[in-house]
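Chemist: Below you will find the structure I want to go over with you.
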Amino acid sequence: MKLLEDRYGRVATDLRVSLTDRCNLRCSYCMPAEGLEWLLGDEVLSDDEVVRLVRVGVEQLGIREVRFTGGEPLVRRGLVEIVRRTKALDPTLELSLTTNALGLARTAGALAAAGLDRVNVSLDTTDAETFHQITRRDRLHDVVAGLEAAQAAGLGPVKVNAVLLRGVNDHQAVELLSWCIERGYELRFIEQMPLDAQHGWSREGMITADEIFARLEPEFVLVPAAEPRGSAPAELFLVNGGPATVGVIASVTRPFCGDCDRVRLTADGQIRNCLFAREESDLRAALRSGASDEDLAERWLIAMRGKRAGHGIDDPSFLQPDRPMSAIGG
């Protein structure tokens with residue numbers, strides 16, 4: 001077996017698979033109210049193609065974790081069967097899902113039965129009015145129901161991902177953490193990244209990790225968790241002595257590129273060796289032209305060798321990727 005090692009000695013074992021670029025929310029920091037121009041049906045990998053490429057990653061390249069993302073992966077028909085077929089490749093694979101949880105109340109049980117291990121749910125506020133302001137949809141009750149269903153189905157630990165927006169929900173950090181702790185969810189605050197479709201991100205406008213701590217510390221005692229962070233993106237902190245924790249993913253101000261173990265497959269079959277990469281490697285065309293598993297693996301290896309040392313957001317020459325987060329997959 002060959003490993004997905006880049007020029008700096010980092011080995012990718014965590015595969016993020018985007019199943020669709022479509023989403024049923026319109027979060028203001030992600031896409032415009034009218035949505036985006038979606039991929040056409042034949043541009044998106046079929047279920048068989050997704051499973052085959054994941055199998056190549058698992059059997060030939062050492063992938064040990066697979067996370068299904070979007071867009072919103074719950075809108076992908078066949079999601080449960082894709083999860084089932086992926087788990088069948090190797091029962092020891094860790095399978096997770098990043099979702100906005102709309103529809104999760106209906107599917108959590110089936111996903112757990114298919115072999116999904118856990119979920120990460122995007123939720124920036126527990127206030128219905130603020131939720132509508134951010135997402136342009138009145139669906140907070142559906143997200144709450146989805147979280148409850150995931151926990152009941154054993155898809156844990158259930159993690160919540162939150163982005164604080166200046167002047168919108170940044171005053172709700174304490175409320176959100178308290179809400180998650182009461183329900184047994186693990187909260188992760190994420191610095192807003194330059195991945196919006198509108199290209200309106202600015203470093204001055206985002207809430208930094210230091211600001212997140214400043215909002216939490218008047219109400220909570222935060223102590224760094226004892227366990228090593230490893231390649232995990234979140235810095236973990238015990239809340240009031242534990243056992244509850246809160247994480248901060250400071251991709252911009254405290255980058256963790258040196259420990260990155262992730263690689264991404266887009267819904268249209270492109271390999272991205274970094275979330276912020278401006279280059280992609282096309283596996284879909286090779287797959288559809290009859291490439292062998294060995295050839296696909298070699299193309300994947302070549303793509304990883306081009307990975308840069310870091311995302312370069314602080315470099316004056318940094319350019320935001322052409323694709324927004326919804327089209328890349330988180």
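Residues in the structure tokens are numbered from 1 in each chain, the chains being A, B, ... in the order shown, and ligands are numbered from 1 in the order shown.
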Looking only at alpha helix (DSSP H) from DSSP on the backbone, list the matching residues of range 17-52 of chain A as a VMD selection string.
Modeler: chain A and resid 47 to 52
Chemist: Since we have the selection now, will you write its residues out, keeping C-alpha atoms, as a PDB file, in the first residue's frame?
Modeler:
ATOM      1  CA  ASP A  47     -23.132   6.479  -6.252  1.00  0.00           C
ATOM      2  CA  ASP A  48     -21.015   3.743  -7.841  1.00  0.00           C
ATOM      3  CA  GLU A  49     -18.290   6.242  -8.772  1.00  0.00           C
ATOM      4  CA  VAL A  50     -18.200   7.701  -5.243  1.00  0.00           C
ATOM      5  CA  VAL A  51     -17.861   4.275  -3.674  1.00  0.00           C
ATOM      6  CA  ARG A  52     -15.205   3.189  -6.168  1.00  0.00           C
TER       7      ARG A  52
END
Chemist: When DSSP works through the backbone of this structure, what residues of range 90-238 of chain A end up as strand (DSSP E), shown as a ChimeraX atom specification?
Modeler: /A:94-99,118-122,159-162,186-190,222-224,235-238
Chemist: Out of A:Trp38, A:Phe131, A:Trp201, A:Tyr185, which residue has the shortest atom-to-atom distance to Gly71 in chain A when counting only C-alpha atoms?
Modeler: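 For Gly71 in chain A, the nearest of the given residues is A:Trp38.
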Chemist: Show me, as a list of chain:residue names, the residues that have an atom within 10 Å of range 121-123 of chain A when counting only C-alpha atoms, minus same-chain residues fewer than 4 positions from it.
Modeler: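 That gives A:Leu97, A:Thr98, A:Thr99, A:Asn100, A:Ala101, A:Leu102, A:Leu104, A:Phe131, A:Thr135, A:Leu140, A:Val143, A:Val144, A:Gly146, A:Leu147, A:Ala150, A:Val158, A:Lys159, A:Val160, A:Asn161, A:Ala162, A:Val163, A:Leu176, A:Tyr185, A:Leu187, A:Arg188, A:Phe189.
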Chemist: Hey, can you check how far CA of Ala209 in chain A sits from CA of Val168 in chain A?
Modeler: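 Computed distance, CA of Ala209 in chain A to CA of Val168 in chain A, equals 16.7 Å.
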Chemist: In Å, how far is it from CA of Ile63 in chain A to CA of Arg10 in chain A?
Modeler: 13.2 Å
Chemist: Go through A:Gln198, A:Thr92, A:Ser46, A:Thr126 one by one, measure the shortest atom-to-atom distance of each to Val66 in chain A using only C-alpha atoms, and give the residue with the smallest value.
Modeler: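 Smallest separation from Val66 in chain A among the options: A:Thr92.
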Chemist: Go through A:Val252, A:Ile82, A:Ala33, A:Leu40 one by one, measure the shortest atom-to-atom distance of each to His132 in chain A using only C-alpha atoms, and give the residue with the smallest value.
Modeler: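 Between A:Val252, A:Ile82, A:Ala33, A:Leu40, the residue approaching His132 in chain A most closely is A:Ala33.
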Chemist: Give me, please, the distance in Å between CA of Ala244 in chain A and CA of Glu186 in chain A, quoted to one decimal.
Modeler: 7.6 Å
Chemist: If we count only C-alpha atoms and set the cut-off at 7 Å, which residues sit around Ile249 in chain A, ignoring sequence neighbours fewer than 5 positions away in its own chain? Please answer as a PDB file with N, CA and C atoms, in the first residue's frame.
Modeler:
ATOM      1  N   ARG A 188     -17.969  23.435  18.781  1.00  0.00           N
ATOM      2  CA  ARG A 188     -16.730  23.898  18.168  1.00  0.00           C
ATOM      3  C   ARG A 188     -16.994  25.242  17.508  1.00  0.00           C
ATOM      4  N   PHE A 189     -16.312  26.286  17.982  1.00  0.00           N
ATOM      5  CA  PHE A 189     -16.383  27.581  17.303  1.00  0.00           C
ATOM      6  C   PHE A 189     -15.350  27.599  16.182  1.00  0.00           C
ATOM      7  N   ILE A 190     -15.736  28.092  15.025  1.00  0.00           N
ATOM      8  CA  ILE A 190     -14.862  28.114  13.855  1.00  0.00           C
ATOM      9  C   ILE A 190     -14.679  29.546  13.369  1.00  0.00           C
ATOM     10  N   GLU A 191     -13.446  29.959  13.213  1.00  0.00           N
ATOM     11  CA  GLU A 191     -13.209  31.261  12.601  1.00  0.00           C
ATOM     12  C   GLU A 191     -13.749  31.262  11.172  1.00  0.00           C
ATOM     13  N   PRO A 233      -8.395  19.596  13.969  1.00  0.00           N
ATOM     14  CA  PRO A 233      -8.361  21.049  13.750  1.00  0.00           C
ATOM     15  C   PRO A 233      -8.721  21.869  14.977  1.00  0.00           C
ATOM     16  N   ALA A 234      -9.432  21.286  15.926  1.00  0.00           N
ATOM     17  CA  ALA A 234      -9.901  22.057  17.077  1.00  0.00           C
ATOM     18  C   ALA A 234      -8.948  21.981  18.255  1.00  0.00           C
ATOM     19  N   GLU A 235      -8.665  23.140  18.850  1.00  0.00           N
ATOM     20  CA  GLU A 235      -8.014  23.193  20.162  1.00  0.00           C
ATOM     21  C   GLU A 235      -9.108  22.985  21.199  1.00  0.00           C
TER      22      GLU A 235
END
Chemist: Which neighbours of Leu61 in chain A fall inside 6 Å, counting only C-alpha atoms, when residues of the same chain fewer than 2 positions from it are skipped, and could you give them as a list of chain:residue names?
Modeler: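 Answer for this query is A:Lys2, A:Leu3, A:Leu4, A:Gly57, A:Val58, A:Ile63.
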Chemist: Export, as a PDB file, in the first residue's frame, the selected residues with C-alpha atoms.
Modeler:
ATOM      1  CA  LYS A   2       1.232   3.497  -0.888  1.00  0.00           C
ATOM      2  CA  LEU A   3       0.446   6.386   1.426  1.00  0.00           C
ATOM      3  CA  LEU A   4      -0.885   9.800   0.465  1.00  0.00           C
ATOM      4  CA  GLY A  57      -8.437   5.506  -1.199  1.00  0.00           C
ATOM      5  CA  VAL A  58      -9.060   2.897   1.471  1.00  0.00           C
ATOM      6  CA  ILE A  63      -7.532   6.265   4.081  1.00  0.00           C
TER       7      ILE A  63
END
Chemist: Rank A:Glu211, A:Glu72, A:Glu148, A:Glu219 by their smallest atom-to-atom distance to Val174 in chain A, using only C-alpha atoms, and report the top residue only.
Modeler: A:Glu219
Chemist: Find the residues near Gly154 in chain A: any atom within 8 Å, counting only C-alpha atoms, skip ones fewer than 3 places away on the same chain, and give them as a list of chain:residue names.
Modeler: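 Close residues of Gly154 in chain A: A:Ala112, A:Asp117, A:Arg118, A:Ala150, A:Gln151.
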